[in-house]
>>> print(open('structure_26.pdb').read())   # PDB, C-alpha atoms and all ligand atoms
ATOM      1  CA  MET I   1      11.193  22.098   9.571  1.00  0.00           C
ATOM      2  CA  GLY I   2      11.530  18.632   8.028  1.00  0.00           C
ATOM      3  CA  VAL I   3       9.093  16.778   5.834  1.00  0.00           C
ATOM      4  CA  GLY I   4       6.268  16.541   8.368  1.00  0.00           C
ATOM      5  CA  LEU I   5       4.063  13.485   8.546  1.00  0.00           C
ATOM      6  CA  ILE I   6       3.831  11.508   5.328  1.00  0.00           C
ATOM      7  CA  ILE I   7       1.316   8.670   5.120  1.00  0.00           C
ATOM      8  CA  LEU I   8       1.486   5.707   2.776  1.00  0.00           C
ATOM      9  CA  ILE I   9      -1.852   4.033   2.105  1.00  0.00           C
ATOM     10  CA  GLY I  10      -2.289   0.814   0.176  1.00  0.00           C
ATOM     11  CA  LYS I  11      -3.530  -2.731   0.293  1.00  0.00           C
ATOM     12  CA  GLN I  12      -1.491  -5.238   2.218  1.00  0.00           C
ATOM     13  CA  GLY I  13       1.289  -6.330  -0.125  1.00  0.00           C
ATOM     14  CA  ALA I  14       1.288  -3.065  -2.103  1.00  0.00           C
ATOM     15  CA  GLY I  15       4.926  -2.491  -1.130  1.00  0.00           C
ATOM     16  CA  LYS I  16       4.389   0.129   1.586  1.00  0.00           C
ATOM     17  CA  GLY I  17       7.046  -1.282   3.925  1.00  0.00           C
ATOM     18  CA  THR I  18       9.787  -1.311   1.309  1.00  0.00           C
ATOM     19  CA  GLN I  19       8.971   2.149   0.010  1.00  0.00           C
ATOM     20  CA  CYS I  20       8.558   3.654   3.489  1.00  0.00           C
ATOM     21  CA  ALA I  21      11.998   2.377   4.511  1.00  0.00           C
ATOM     22  CA  ARG I  22      13.491   4.069   1.443  1.00  0.00           C
ATOM     23  CA  LEU I  23      11.667   7.340   2.106  1.00  0.00           C
ATOM     24  CA  ALA I  24      12.702   7.348   5.767  1.00  0.00           C
ATOM     25  CA  ALA I  25      16.366   6.960   4.768  1.00  0.00           C
ATOM     26  CA  ARG I  26      16.039   9.638   2.101  1.00  0.00           C
ATOM     27  CA  TYR I  27      14.389  12.252   4.323  1.00  0.00           C
ATOM     28  CA  GLY I  28      16.165  11.349   7.582  1.00  0.00           C
ATOM     29  CA  VAL I  29      12.972  10.702   9.538  1.00  0.00           C
ATOM     30  CA  PRO I  30      11.758   7.496  11.240  1.00  0.00           C
ATOM     31  CA  HIS I  31       9.718   4.822   9.478  1.00  0.00           C
ATOM     32  CA  ILE I  32       6.832   4.120  11.832  1.00  0.00           C
ATOM     33  CA  ALA I  33       5.207   0.823  10.873  1.00  0.00           C
ATOM     34  CA  THR I  34       2.383  -0.055  13.231  1.00  0.00           C
ATOM     35  CA  GLY I  35       2.252  -3.701  12.085  1.00  0.00           C
ATOM     36  CA  ASP I  36       5.976  -4.119  12.870  1.00  0.00           C
ATOM     37  CA  MET I  37       5.518  -2.447  16.271  1.00  0.00           C
ATOM     38  CA  LEU I  38       2.602  -4.738  17.131  1.00  0.00           C
ATOM     39  CA  ARG I  39       4.456  -7.866  15.983  1.00  0.00           C
ATOM     40  CA  ALA I  40       7.420  -6.811  18.165  1.00  0.00           C
ATOM     41  CA  ALA I  41       4.995  -6.420  21.097  1.00  0.00           C
ATOM     42  CA  VAL I  42       3.633  -9.927  20.476  1.00  0.00           C
ATOM     43  CA  ARG I  43       7.152 -11.410  20.330  1.00  0.00           C
ATOM     44  CA  SER I  44       8.198  -9.650  23.531  1.00  0.00           C
ATOM     45  CA  GLY I  45       5.184 -11.059  25.376  1.00  0.00           C
ATOM     46  CA  SER I  46       4.126  -7.583  26.583  1.00  0.00           C
ATOM     47  CA  GLU I  47       0.626  -6.739  27.795  1.00  0.00           C
ATOM     48  CA  LEU I  48      -0.059  -4.971  24.485  1.00  0.00           C
ATOM     49  CA  GLY I  49       1.133  -8.056  22.595  1.00  0.00           C
ATOM     50  CA  GLY I  50      -1.244 -10.233  24.586  1.00  0.00           C
ATOM     51  CA  LYS I  51      -4.172  -7.999  23.667  1.00  0.00           C
ATOM     52  CA  VAL I  52      -3.522  -7.965  19.927  1.00  0.00           C
ATOM     53  CA  ALA I  53      -2.032 -11.371  18.984  1.00  0.00           C
ATOM     54  CA  ALA I  54      -5.258 -13.228  18.215  1.00  0.00           C
ATOM     55  CA  LEU I  55      -6.794 -10.300  16.323  1.00  0.00           C
ATOM     56  CA  MET I  56      -3.696  -9.952  14.165  1.00  0.00           C
ATOM     57  CA  ASP I  57      -3.415 -13.656  13.365  1.00  0.00           C
ATOM     58  CA  ALA I  58      -7.032 -13.634  12.159  1.00  0.00           C
ATOM     59  CA  GLY I  59      -6.379 -10.572   9.987  1.00  0.00           C
ATOM     60  CA  HIS I  60      -8.671  -8.278  12.011  1.00  0.00           C
ATOM     61  CA  LEU I  61      -7.812  -4.699  12.850  1.00  0.00           C
ATOM     62  CA  VAL I  62      -6.928  -3.941  16.458  1.00  0.00           C
ATOM     63  CA  PRO I  63      -9.040  -1.315  18.302  1.00  0.00           C
ATOM     64  CA  ASP I  64      -8.554   2.314  17.228  1.00  0.00           C
ATOM     65  CA  GLU I  65      -7.821   3.688  20.731  1.00  0.00           C
ATOM     66  CA  LEU I  66      -5.180   1.072  21.343  1.00  0.00           C
ATOM     67  CA  ILE I  67      -3.205   1.659  18.139  1.00  0.00           C
ATOM     68  CA  THR I  68      -3.620   5.431  18.373  1.00  0.00           C
ATOM     69  CA  ALA I  69      -2.042   5.360  21.836  1.00  0.00           C
ATOM     70  CA  VAL I  70       0.918   3.397  20.422  1.00  0.00           C
ATOM     71  CA  VAL I  71       1.385   5.914  17.592  1.00  0.00           C
ATOM     72  CA  ALA I  72       0.976   8.915  19.923  1.00  0.00           C
ATOM     73  CA  ASP I  73       3.791   7.601  22.148  1.00  0.00           C
ATOM     74  CA  ARG I  74       6.016   6.929  19.180  1.00  0.00           C
ATOM     75  CA  LEU I  75       5.462  10.387  17.654  1.00  0.00           C
ATOM     76  CA  ARG I  76       6.520  11.984  20.947  1.00  0.00           C
ATOM     77  CA  GLU I  77      10.009  10.505  20.614  1.00  0.00           C
ATOM     78  CA  ALA I  78      12.757  12.966  19.683  1.00  0.00           C
ATOM     79  CA  ASP I  79      13.582  11.410  16.303  1.00  0.00           C
ATOM     80  CA  ALA I  80      10.060  12.185  15.049  1.00  0.00           C
ATOM     81  CA  ALA I  81      10.283  15.903  15.843  1.00  0.00           C
ATOM     82  CA  HIS I  82      10.700  16.884  12.192  1.00  0.00           C
ATOM     83  CA  GLY I  83       8.501  14.297  10.619  1.00  0.00           C
ATOM     84  CA  ALA I  84       7.922  10.611  10.058  1.00  0.00           C
ATOM     85  CA  ILE I  85       6.821   8.162   7.407  1.00  0.00           C
ATOM     86  CA  LEU I  86       3.688   6.408   8.630  1.00  0.00           C
ATOM     87  CA  ASP I  87       3.180   2.865   7.356  1.00  0.00           C
ATOM     88  CA  GLY I  88      -0.079   1.141   8.303  1.00  0.00           C
ATOM     89  CA  TYR I  89      -1.567   4.074  10.256  1.00  0.00           C
ATOM     90  CA  PRO I  90      -4.138   5.540   9.937  1.00  0.00           C
ATOM     91  CA  ARG I  91      -6.249   2.626   8.759  1.00  0.00           C
ATOM     92  CA  THR I  92      -9.743   3.834   9.691  1.00  0.00           C
ATOM     93  CA  LEU I  93     -11.490   7.190   9.547  1.00  0.00           C
ATOM     94  CA  ALA I  94     -11.463   7.354  13.345  1.00  0.00           C
ATOM     95  CA  GLN I  95      -7.680   6.934  13.282  1.00  0.00           C
ATOM     96  CA  ALA I  96      -7.307   9.605  10.574  1.00  0.00           C
ATOM     97  CA  GLU I  97      -9.299  11.999  12.729  1.00  0.00           C
ATOM     98  CA  ALA I  98      -7.233  11.143  15.806  1.00  0.00           C
ATOM     99  CA  LEU I  99      -4.060  11.740  13.797  1.00  0.00           C
ATOM    100  CA  GLU I 100      -5.220  15.255  12.916  1.00  0.00           C
ATOM    101  CA  GLU I 101      -4.952  16.078  16.617  1.00  0.00           C
ATOM    102  CA  LEU I 102      -1.716  14.180  17.181  1.00  0.00           C
ATOM    103  CA  ALA I 103      -0.093  15.863  14.200  1.00  0.00           C
ATOM    104  CA  SER I 104      -1.309  19.365  15.002  1.00  0.00           C
ATOM    105  CA  PRO I 105      -0.439  22.140  14.376  1.00  0.00           C
ATOM    106  CA  ARG I 106       1.329  21.156  11.173  1.00  0.00           C
ATOM    107  CA  GLY I 107      -0.754  18.114  10.372  1.00  0.00           C
ATOM    108  CA  VAL I 108      -0.245  15.498   7.735  1.00  0.00           C
ATOM    109  CA  THR I 109       1.787  16.885   4.838  1.00  0.00           C
ATOM    110  CA  ALA I 110       1.033  14.234   2.194  1.00  0.00           C
ATOM    111  CA  ALA I 111      -0.879  10.981   1.735  1.00  0.00           C
ATOM    112  CA  ILE I 112       0.340   8.632  -0.986  1.00  0.00           C
ATOM    113  CA  LEU I 113      -1.839   5.803  -2.264  1.00  0.00           C
ATOM    114  CA  LEU I 114       0.305   2.945  -3.572  1.00  0.00           C
ATOM    115  CA  ASP I 115      -2.148   1.552  -6.053  1.00  0.00           C
ATOM    116  CA  VAL I 116      -1.827  -2.169  -6.898  1.00  0.00           C
ATOM    117  CA  PRO I 117      -4.537  -4.536  -8.240  1.00  0.00           C
ATOM    118  CA  THR I 118      -5.932  -7.061  -5.753  1.00  0.00           C
ATOM    119  CA  GLU I 119      -4.793 -10.091  -7.776  1.00  0.00           C
ATOM    120  CA  THR I 120      -1.207  -8.804  -7.683  1.00  0.00           C
ATOM    121  CA  VAL I 121      -1.206  -8.284  -3.903  1.00  0.00           C
ATOM    122  CA  VAL I 122      -2.747 -11.719  -3.284  1.00  0.00           C
ATOM    123  CA  LYS I 123       0.119 -13.279  -5.267  1.00  0.00           C
ATOM    124  CA  ARG I 124       2.711 -11.155  -3.451  1.00  0.00           C
ATOM    125  CA  LEU I 125       1.297 -11.883   0.019  1.00  0.00           C
ATOM    126  CA  SER I 126       1.114 -15.630  -0.582  1.00  0.00           C
ATOM    127  CA  ALA I 127       4.795 -15.623  -1.579  1.00  0.00           C
ATOM    128  CA  ARG I 128       5.894 -13.118   1.091  1.00  0.00           C
ATOM    129  CA  ARG I 129       8.491 -14.137   3.645  1.00  0.00           C
ATOM    130  CA  VAL I 130       9.979 -11.835   6.303  1.00  0.00           C
ATOM    131  CA  CYS I 131      12.977 -11.786   8.599  1.00  0.00           C
ATOM    132  CA  GLU I 132      11.546 -12.360  12.052  1.00  0.00           C
ATOM    133  CA  ASP I 133      14.182 -10.065  13.576  1.00  0.00           C
ATOM    134  CA  CYS I 134      14.564  -7.042  11.275  1.00  0.00           C
ATOM    135  CA  GLN I 135      11.387  -7.469   9.150  1.00  0.00           C
ATOM    136  CA  THR I 136      13.236  -7.350   5.814  1.00  0.00           C
ATOM    137  CA  VAL I 137      10.843  -8.706   3.200  1.00  0.00           C
ATOM    138  CA  TYR I 138      11.718 -11.610   0.870  1.00  0.00           C
ATOM    139  CA  SER I 139       9.753 -13.614  -1.678  1.00  0.00           C
ATOM    140  CA  ALA I 140       9.250 -17.338  -2.157  1.00  0.00           C
ATOM    141  CA  ASP I 141       8.709 -16.656  -5.863  1.00  0.00           C
ATOM    142  CA  PRO I 142      10.940 -17.884  -7.410  1.00  0.00           C
ATOM    143  CA  TRP I 143      11.183 -20.825  -5.005  1.00  0.00           C
ATOM    144  CA  PRO I 144      12.923 -21.310  -2.608  1.00  0.00           C
ATOM    145  CA  PRO I 145      12.970 -18.287  -0.283  1.00  0.00           C
ATOM    146  CA  PRO I 146      16.214 -17.694   1.653  1.00  0.00           C
ATOM    147  CA  ALA I 147      16.382 -19.468   5.028  1.00  0.00           C
ATOM    148  CA  THR I 148      18.232 -16.612   6.736  1.00  0.00           C
ATOM    149  CA  CYS I 149      18.225 -12.839   6.382  1.00  0.00           C
ATOM    150  CA  SER I 150      21.075 -11.304   4.374  1.00  0.00           C
ATOM    151  CA  ASN I 151      20.867  -8.158   6.574  1.00  0.00           C
ATOM    152  CA  CYS I 152      20.992  -9.573  10.072  1.00  0.00           C
ATOM    153  CA  GLY I 153      21.173 -13.368   9.851  1.00  0.00           C
ATOM    154  CA  GLY I 154      17.682 -13.737  11.411  1.00  0.00           C
ATOM    155  CA  ARG I 155      15.286 -16.534  10.433  1.00  0.00           C
ATOM    156  CA  VAL I 156      13.173 -15.877   7.329  1.00  0.00           C
ATOM    157  CA  VAL I 157       9.589 -16.987   7.991  1.00  0.00           C
ATOM    158  CA  GLN I 158       6.034 -16.662   6.677  1.00  0.00           C
ATOM    159  CA  ARG I 159       3.866 -14.235   8.643  1.00  0.00           C
ATOM    160  CA  ALA I 160       1.029 -15.862  10.595  1.00  0.00           C
ATOM    161  CA  ASP I 161      -1.437 -13.571   8.771  1.00  0.00           C
ATOM    162  CA  ASP I 162      -0.184 -14.337   5.266  1.00  0.00           C
ATOM    163  CA  THR I 163      -2.469 -17.393   5.087  1.00  0.00           C
ATOM    164  CA  PRO I 164      -5.339 -17.461   2.529  1.00  0.00           C
ATOM    165  CA  ALA I 165      -8.096 -16.909   5.149  1.00  0.00           C
ATOM    166  CA  ALA I 166      -6.301 -14.030   6.869  1.00  0.00           C
ATOM    167  CA  ILE I 167      -5.352 -12.441   3.539  1.00  0.00           C
ATOM    168  CA  THR I 168      -9.032 -12.436   2.494  1.00  0.00           C
ATOM    169  CA  GLU I 169     -10.048 -10.840   5.803  1.00  0.00           C
ATOM    170  CA  ARG I 170      -7.297  -8.192   5.635  1.00  0.00           C
ATOM    171  CA  LEU I 171      -8.241  -7.162   2.105  1.00  0.00           C
ATOM    172  CA  ARG I 172     -11.903  -6.966   3.157  1.00  0.00           C
ATOM    173  CA  ALA I 173     -10.905  -4.711   6.069  1.00  0.00           C
ATOM    174  CA  TYR I 174      -8.877  -2.571   3.673  1.00  0.00           C
ATOM    175  CA  GLU I 175     -11.841  -2.020   1.341  1.00  0.00           C
ATOM    176  CA  GLN I 176     -14.283  -1.390   4.155  1.00  0.00           C
ATOM    177  CA  GLU I 177     -12.227   0.576   6.689  1.00  0.00           C
ATOM    178  CA  THR I 178      -9.203   2.016   4.908  1.00  0.00           C
ATOM    179  CA  ALA I 179     -10.366   2.872   1.374  1.00  0.00           C
ATOM    180  CA  PRO I 180     -12.604   5.692   2.772  1.00  0.00           C
ATOM    181  CA  LEU I 181      -9.400   7.477   3.848  1.00  0.00           C
ATOM    182  CA  LEU I 182      -8.713   8.256   0.209  1.00  0.00           C
ATOM    183  CA  ASP I 183     -11.586  10.732   0.082  1.00  0.00           C
ATOM    184  CA  PHE I 184     -10.638  12.095   3.506  1.00  0.00           C
ATOM    185  CA  TYR I 185      -7.196  13.116   2.187  1.00  0.00           C
ATOM    186  CA  ARG I 186      -8.407  13.949  -1.327  1.00  0.00           C
ATOM    187  CA  VAL I 187     -10.727  16.686  -0.083  1.00  0.00           C
ATOM    188  CA  LYS I 188      -7.836  18.140   1.919  1.00  0.00           C
ATOM    189  CA  GLY I 189      -5.783  18.278  -1.287  1.00  0.00           C
ATOM    190  CA  LEU I 190      -3.164  15.934   0.200  1.00  0.00           C
ATOM    191  CA  LEU I 191      -3.678  12.739  -1.815  1.00  0.00           C
ATOM    192  CA  ALA I 192      -1.314  11.571  -4.562  1.00  0.00           C
ATOM    193  CA  ILE I 193      -1.820   8.238  -6.347  1.00  0.00           C
ATOM    194  CA  VAL I 194       1.213   6.242  -7.450  1.00  0.00           C
ATOM    195  CA  ASP I 195       1.079   3.028  -9.485  1.00  0.00           C
ATOM    196  CA  GLY I 196       2.683   0.448  -7.188  1.00  0.00           C
ATOM    197  CA  SER I 197       2.896  -2.246  -9.882  1.00  0.00           C
ATOM    198  CA  GLU I 198       5.982  -0.687 -11.422  1.00  0.00           C
ATOM    199  CA  GLU I 199       9.446  -1.876 -10.502  1.00  0.00           C
ATOM    200  CA  LEU I 200      10.743  -0.772  -7.052  1.00  0.00           C
ATOM    201  CA  ASP I 201      13.080   2.064  -8.086  1.00  0.00           C
ATOM    202  CA  GLU I 202      10.484   3.506 -10.433  1.00  0.00           C
ATOM    203  CA  VAL I 203       7.841   3.471  -7.680  1.00  0.00           C
ATOM    204  CA  THR I 204      10.270   5.278  -5.341  1.00  0.00           C
ATOM    205  CA  ARG I 205      11.024   7.841  -8.059  1.00  0.00           C
ATOM    206  CA  ARG I 206       7.330   8.530  -8.560  1.00  0.00           C
ATOM    207  CA  ILE I 207       6.623   8.856  -4.839  1.00  0.00           C
ATOM    208  CA  VAL I 208       9.501  11.303  -4.407  1.00  0.00           C
ATOM    209  CA  ALA I 209       8.256  13.294  -7.418  1.00  0.00           C
ATOM    210  CA  ALA I 210       4.767  13.424  -5.876  1.00  0.00           C
ATOM    211  CA  LEU I 211       6.191  14.558  -2.525  1.00  0.00           C
ATOM    212  CA  ASP I 212       8.374  17.200  -4.172  1.00  0.00           C
ATOM    213  CA  ALA I 213       5.345  18.488  -6.077  1.00  0.00           C
ATOM    214  CA  ALA I 214       3.332  18.600  -2.837  1.00  0.00           C
ATOM    215  CA  ARG I 215       6.050  20.611  -1.078  1.00  0.00           C
ATOM    216  CA  ALA I 216       6.696  23.005  -3.979  1.00  0.00           C
TER     217      ALA I 216
HETATM  218  P1  LIG F   1       0.518  -4.800   8.697  1.00  0.00           P
HETATM  219  O1  LIG F   1       1.890  -5.309   8.975  1.00  0.00           O
HETATM  220  O2  LIG F   1       0.497  -3.315   8.446  1.00  0.00           O
HETATM  221  O3  LIG F   1      -0.189  -5.583   7.624  1.00  0.00           O
HETATM  222  O4  LIG F   1      -0.321  -4.992  10.047  1.00  0.00           O
HETATM  223  C1  LIG F   1      -0.501  -6.265  10.587  1.00  0.00           C
HETATM  224  C2  LIG F   1      -1.691  -6.290  11.509  1.00  0.00           C
HETATM  225  O5  LIG F   1      -1.481  -5.395  12.606  1.00  0.00           O
HETATM  226  C3  LIG F   1      -3.007  -5.842  10.903  1.00  0.00           C
HETATM  227  O6  LIG F   1      -3.655  -6.864  10.168  1.00  0.00           O
HETATM  228  C4  LIG F   1      -3.787  -5.458  12.158  1.00  0.00           C
HETATM  229  O7  LIG F   1      -4.202  -6.595  12.873  1.00  0.00           O
HETATM  230  C5  LIG F   1      -2.708  -4.775  12.993  1.00  0.00           C
HETATM  231  N1  LIG F   1      -2.601  -3.335  12.692  1.00  0.00           N
HETATM  232  C6  LIG F   1      -1.514  -2.675  12.204  1.00  0.00           C
HETATM  233  N2  LIG F   1      -1.763  -1.360  12.067  1.00  0.00           N
HETATM  234  C7  LIG F   1      -3.052  -1.184  12.460  1.00  0.00           C
HETATM  235  C8  LIG F   1      -3.915  -0.050  12.532  1.00  0.00           C
HETATM  236  N3  LIG F   1      -3.500   1.177  12.165  1.00  0.00           N
HETATM  237  N4  LIG F   1      -5.182  -0.242  12.977  1.00  0.00           N
HETATM  238  C9  LIG F   1      -5.631  -1.442  13.362  1.00  0.00           C
HETATM  239  N5  LIG F   1      -4.873  -2.570  13.295  1.00  0.00           N
HETATM  240  C10 LIG F   1      -3.590  -2.449  12.854  1.00  0.00           C
END
>>> encode(input="structure_26.pdb", output="structure tokens")
Amino acid sequence: MGVGLIILIGKQGAGKGTQCARLAARYGVPHIATGDMLRAAVRSGSELGGKVAALMDAGHLVPDELITAVVADRLREADAAHGAILDGYPRTLAQAEALEELASPRGVTAAILLDVPTETVVKRLSARRVCEDCQTVYSADPWPPPATCSNCGGRVVQRADDTPAAITERLRAYEQETAPLLDFYRVKGLLAIVDGSEELDEVTRRIVAALDAARA
């Protein structure tokens, strides 16, 4: 039966990517990160990439129908048959409603809010560096960040949307568009809140405990 669809919600820089990768490995289901998929589309020069590049660089959300179509295709792949860890989707109420249909009949099994104060995420995002090939996340604090990725040897770069103006816009979009999802999942009894300021292993432990409690 698998774990079903697990959603991680949190501000940009809350640590969703790192924790989702760990959960995917633990539960043997894919980590579906819409931001990574869109950045790959931009790099490949595809039609989708052409549609979303400017919106992403400015820190704006891409249209609901477009990202929902991307997620629908991905969820139809065989490796997602028993579940998936969703990172960065849904991000609006319209997307959460669309996901109810995509995920039917079983639906979303848990929604975890990784809760981190805004000042902490602003610091993390400003220092964030990523491997442009495998997306492994590094930090420029303490300086300097690594030049190449220890996983795959790819170049370690700053994301185009980790600039001060784009960070401000992304956090505004989070408060306005994504924060309402918390009530959406709370009323369904699916929401668990985990303090994302703790150290990485402790955050993972708490998420797993919340998921175990939800499945018990
Ligand atoms: P992320 O890596 O999750 O921070 O996503 C990077 C960017 O991709 C966002 O700022 C949006 O422009 C776009 N994006 C990713 N996921 C979504 C989504 N579910 N809805 C709308 N835009 C998204």
>>> residues_around(input="structure_26.pdb", residues="range 169-186 of chain I", least_positions_apart="6", cutoff="10 Å", atoms="all atoms listed in the file", output="PDB file with C-alpha atoms, in the frame of the given file")
ATOM      1  CA  ILE I   9      -1.852   4.033   2.105  1.00  0.00           C
ATOM      2  CA  GLY I  10      -2.289   0.814   0.176  1.00  0.00           C
ATOM      3  CA  LYS I  11      -3.530  -2.731   0.293  1.00  0.00           C
ATOM      4  CA  GLN I  12      -1.491  -5.238   2.218  1.00  0.00           C
ATOM      5  CA  GLY I  13       1.289  -6.330  -0.125  1.00  0.00           C
ATOM      6  CA  MET I  56      -3.696  -9.952  14.165  1.00  0.00           C
ATOM      7  CA  ALA I  58      -7.032 -13.634  12.159  1.00  0.00           C
ATOM      8  CA  GLY I  59      -6.379 -10.572   9.987  1.00  0.00           C
ATOM      9  CA  HIS I  60      -8.671  -8.278  12.011  1.00  0.00           C
ATOM     10  CA  LEU I  61      -7.812  -4.699  12.850  1.00  0.00           C
ATOM     11  CA  GLY I  88      -0.079   1.141   8.303  1.00  0.00           C
ATOM     12  CA  TYR I  89      -1.567   4.074  10.256  1.00  0.00           C
ATOM     13  CA  PRO I  90      -4.138   5.540   9.937  1.00  0.00           C
ATOM     14  CA  ARG I  91      -6.249   2.626   8.759  1.00  0.00           C
ATOM     15  CA  THR I  92      -9.743   3.834   9.691  1.00  0.00           C
ATOM     16  CA  LEU I  93     -11.490   7.190   9.547  1.00  0.00           C
ATOM     17  CA  ALA I  94     -11.463   7.354  13.345  1.00  0.00           C
ATOM     18  CA  GLN I  95      -7.680   6.934  13.282  1.00  0.00           C
ATOM     19  CA  ALA I  96      -7.307   9.605  10.574  1.00  0.00           C
ATOM     20  CA  GLU I  97      -9.299  11.999  12.729  1.00  0.00           C
ATOM     21  CA  VAL I 108      -0.245  15.498   7.735  1.00  0.00           C
ATOM     22  CA  ALA I 110       1.033  14.234   2.194  1.00  0.00           C
ATOM     23  CA  ALA I 111      -0.879  10.981   1.735  1.00  0.00           C
ATOM     24  CA  ILE I 112       0.340   8.632  -0.986  1.00  0.00           C
ATOM     25  CA  LEU I 113      -1.839   5.803  -2.264  1.00  0.00           C
ATOM     26  CA  THR I 118      -5.932  -7.061  -5.753  1.00  0.00           C
ATOM     27  CA  VAL I 121      -1.206  -8.284  -3.903  1.00  0.00           C
ATOM     28  CA  VAL I 122      -2.747 -11.719  -3.284  1.00  0.00           C
ATOM     29  CA  ASP I 161      -1.437 -13.571   8.771  1.00  0.00           C
ATOM     30  CA  ASP I 162      -0.184 -14.337   5.266  1.00  0.00           C
ATOM     31  CA  ALA I 192      -1.314  11.571  -4.562  1.00  0.00           C
ATOM     32  CA  ILE I 193      -1.820   8.238  -6.347  1.00  0.00           C
TER      33      ILE I 193
END
>>> atom_distance(input="structure_26.pdb", atom1="CA of Pro63 in chain I", atom2="CA of Ala41 in chain I")
15.2 Å
>>> resolve_selection(input="structure_26.pdb", expression="the PyMOL selection byres (((chain I and resi 30) around 8) and not hetatm)", output="PyMOL selection string")
chain I and resi 24-25+28-29+31-32+79-80+83-85
>>> resolve_selection(input="structure_26.pdb", expression="the PyMOL selection byres (((chain I and resi 156) around 7) and not hetatm)", output="compact mmCIF listing (two decimals) with C-alpha atoms, keeping the file's coordinate frame")
# COMPACT_ATOMS: atom_id res chain seq x y z
CA ARG I 129 8.49 -14.14 3.64
CA VAL I 130 9.98 -11.84 6.30
CA CYS I 131 12.98 -11.79 8.60
CA GLU I 132 11.55 -12.36 12.05
CA PRO I 146 16.21 -17.69 1.65
CA ALA I 147 16.38 -19.47 5.03
CA THR I 148 18.23 -16.61 6.74
CA CYS I 149 18.23 -12.84 6.38
CA GLY I 154 17.68 -13.74 11.41
CA ARG I 155 15.29 -16.53 10.43
CA VAL I 157 9.59 -16.99 7.99
>>> atom_distance(input="structure_26.pdb", atom1="CA of Pro142 in chain I", atom2="CA of Gly196 in chain I")
20.1 Å
>>> atom_distance(input="structure_26.pdb", atom1="CA of Ala21 in chain I", atom2="CA of Gly50 in chain I")
27.2 Å
>>> resolve_selection(input="structure_26.pdb", expression="the PyMOL selection byres (((chain I and resi 18) around 10) and not hetatm)", output="CSV table (one decimal) with C-alpha atoms, in the coordinates of the input")
chain,number,residue,atom,x,y,z
I,13,GLY,CA,1.3,-6.3,-0.1
I,14,ALA,CA,1.3,-3.1,-2.1
I,15,GLY,CA,4.9,-2.5,-1.1
I,16,LYS,CA,4.4,0.1,1.6
I,17,GLY,CA,7.0,-1.3,3.9
I,19,GLN,CA,9.0,2.1,0.0
I,20,CYS,CA,8.6,3.7,3.5
I,21,ALA,CA,12.0,2.4,4.5
I,22,ARG,CA,13.5,4.1,1.4
I,23,LEU,CA,11.7,7.3,2.1
I,87,ASP,CA,3.2,2.9,7.4
I,136,THR,CA,13.2,-7.4,5.8
I,137,VAL,CA,10.8,-8.7,3.2
I,200,LEU,CA,10.7,-0.8,-7.1
I,204,THR,CA,10.3,5.3,-5.3
>>> residues_around(input="structure_26.pdb", residues="Asp141 in chain I", least_positions_apart="5", cutoff="10 Å", atoms="all atoms listed in the file", output="VMD selection string")
chain I and resid 123 to 124 126 to 129
>>> axis_aligned_box(input="structure_26.pdb", around="ligand LIG 1 (chain F)", padding_each_side="8 Å", output="AutoDock Vina command-line options")
--center_x -1.9 --center_y -2.8 --center_z 10.5 --size_x 23.5 --size_y 24.0 --size_z 21.7
>>> closest_residue(input="structure_26.pdb", among="I:Gly35, I:Gly107, I:Gly153, I:Gly45", to="ligand LIG 1 (chain F)", atoms="only C-alpha atoms and all ligand atoms")
I:Gly35
>>> closest_residue(input="structure_26.pdb", among="I:Val62, I:Val116, I:Ser44, I:Trp143", to="Asp195 in chain I", atoms="all atoms listed in the file")
I:Val116
>>> decode(input="structure_26.pdb", residues="range 130-139 of chain I", atoms="N, CA and C atoms", output="short mmCIF file (atom, residue, chain, number, x, y, z; two decimals), in the first residue's frame")
data_model
loop_
_atom_site.label_atom_id
_atom_site.label_comp_id
_atom_site.auth_asym_id
_atom_site.auth_seq_id
_atom_site.Cartn_x
_atom_site.Cartn_y
_atom_site.Cartn_z
N VAL I 130 23.66 25.84 -4.54
CA VAL I 130 23.19 24.52 -4.95
C VAL I 130 24.05 23.98 -6.09
N CYS I 131 24.11 22.65 -6.16
CA CYS I 131 24.78 22.02 -7.30
C CYS I 131 23.86 22.18 -8.50
N GLU I 132 24.39 22.73 -9.60
CA GLU I 132 23.48 22.97 -10.72
C GLU I 132 23.10 21.67 -11.42
N ASP I 133 23.79 20.57 -11.13
CA ASP I 133 23.42 19.30 -11.76
C ASP I 133 22.50 18.46 -10.89
N CYS I 134 22.90 18.20 -9.62
CA CYS I 134 22.07 17.27 -8.82
C CYS I 134 21.28 17.99 -7.74
N GLN I 135 21.42 19.32 -7.64
CA GLN I 135 20.59 20.14 -6.72
C GLN I 135 20.95 19.96 -5.24
N THR I 136 22.06 19.27 -4.95
CA THR I 136 22.47 19.19 -3.54
C THR I 136 22.69 20.60 -3.01
N VAL I 137 22.22 20.83 -1.79
CA VAL I 137 22.27 22.19 -1.23
C VAL I 137 23.51 22.35 -0.36
N TYR I 138 24.19 23.51 -0.53
CA TYR I 138 25.35 23.87 0.29
C TYR I 138 25.09 25.24 0.90
N SER I 139 26.02 25.67 1.78
CA SER I 139 25.88 27.00 2.37
C SER I 139 27.17 27.78 2.20
#
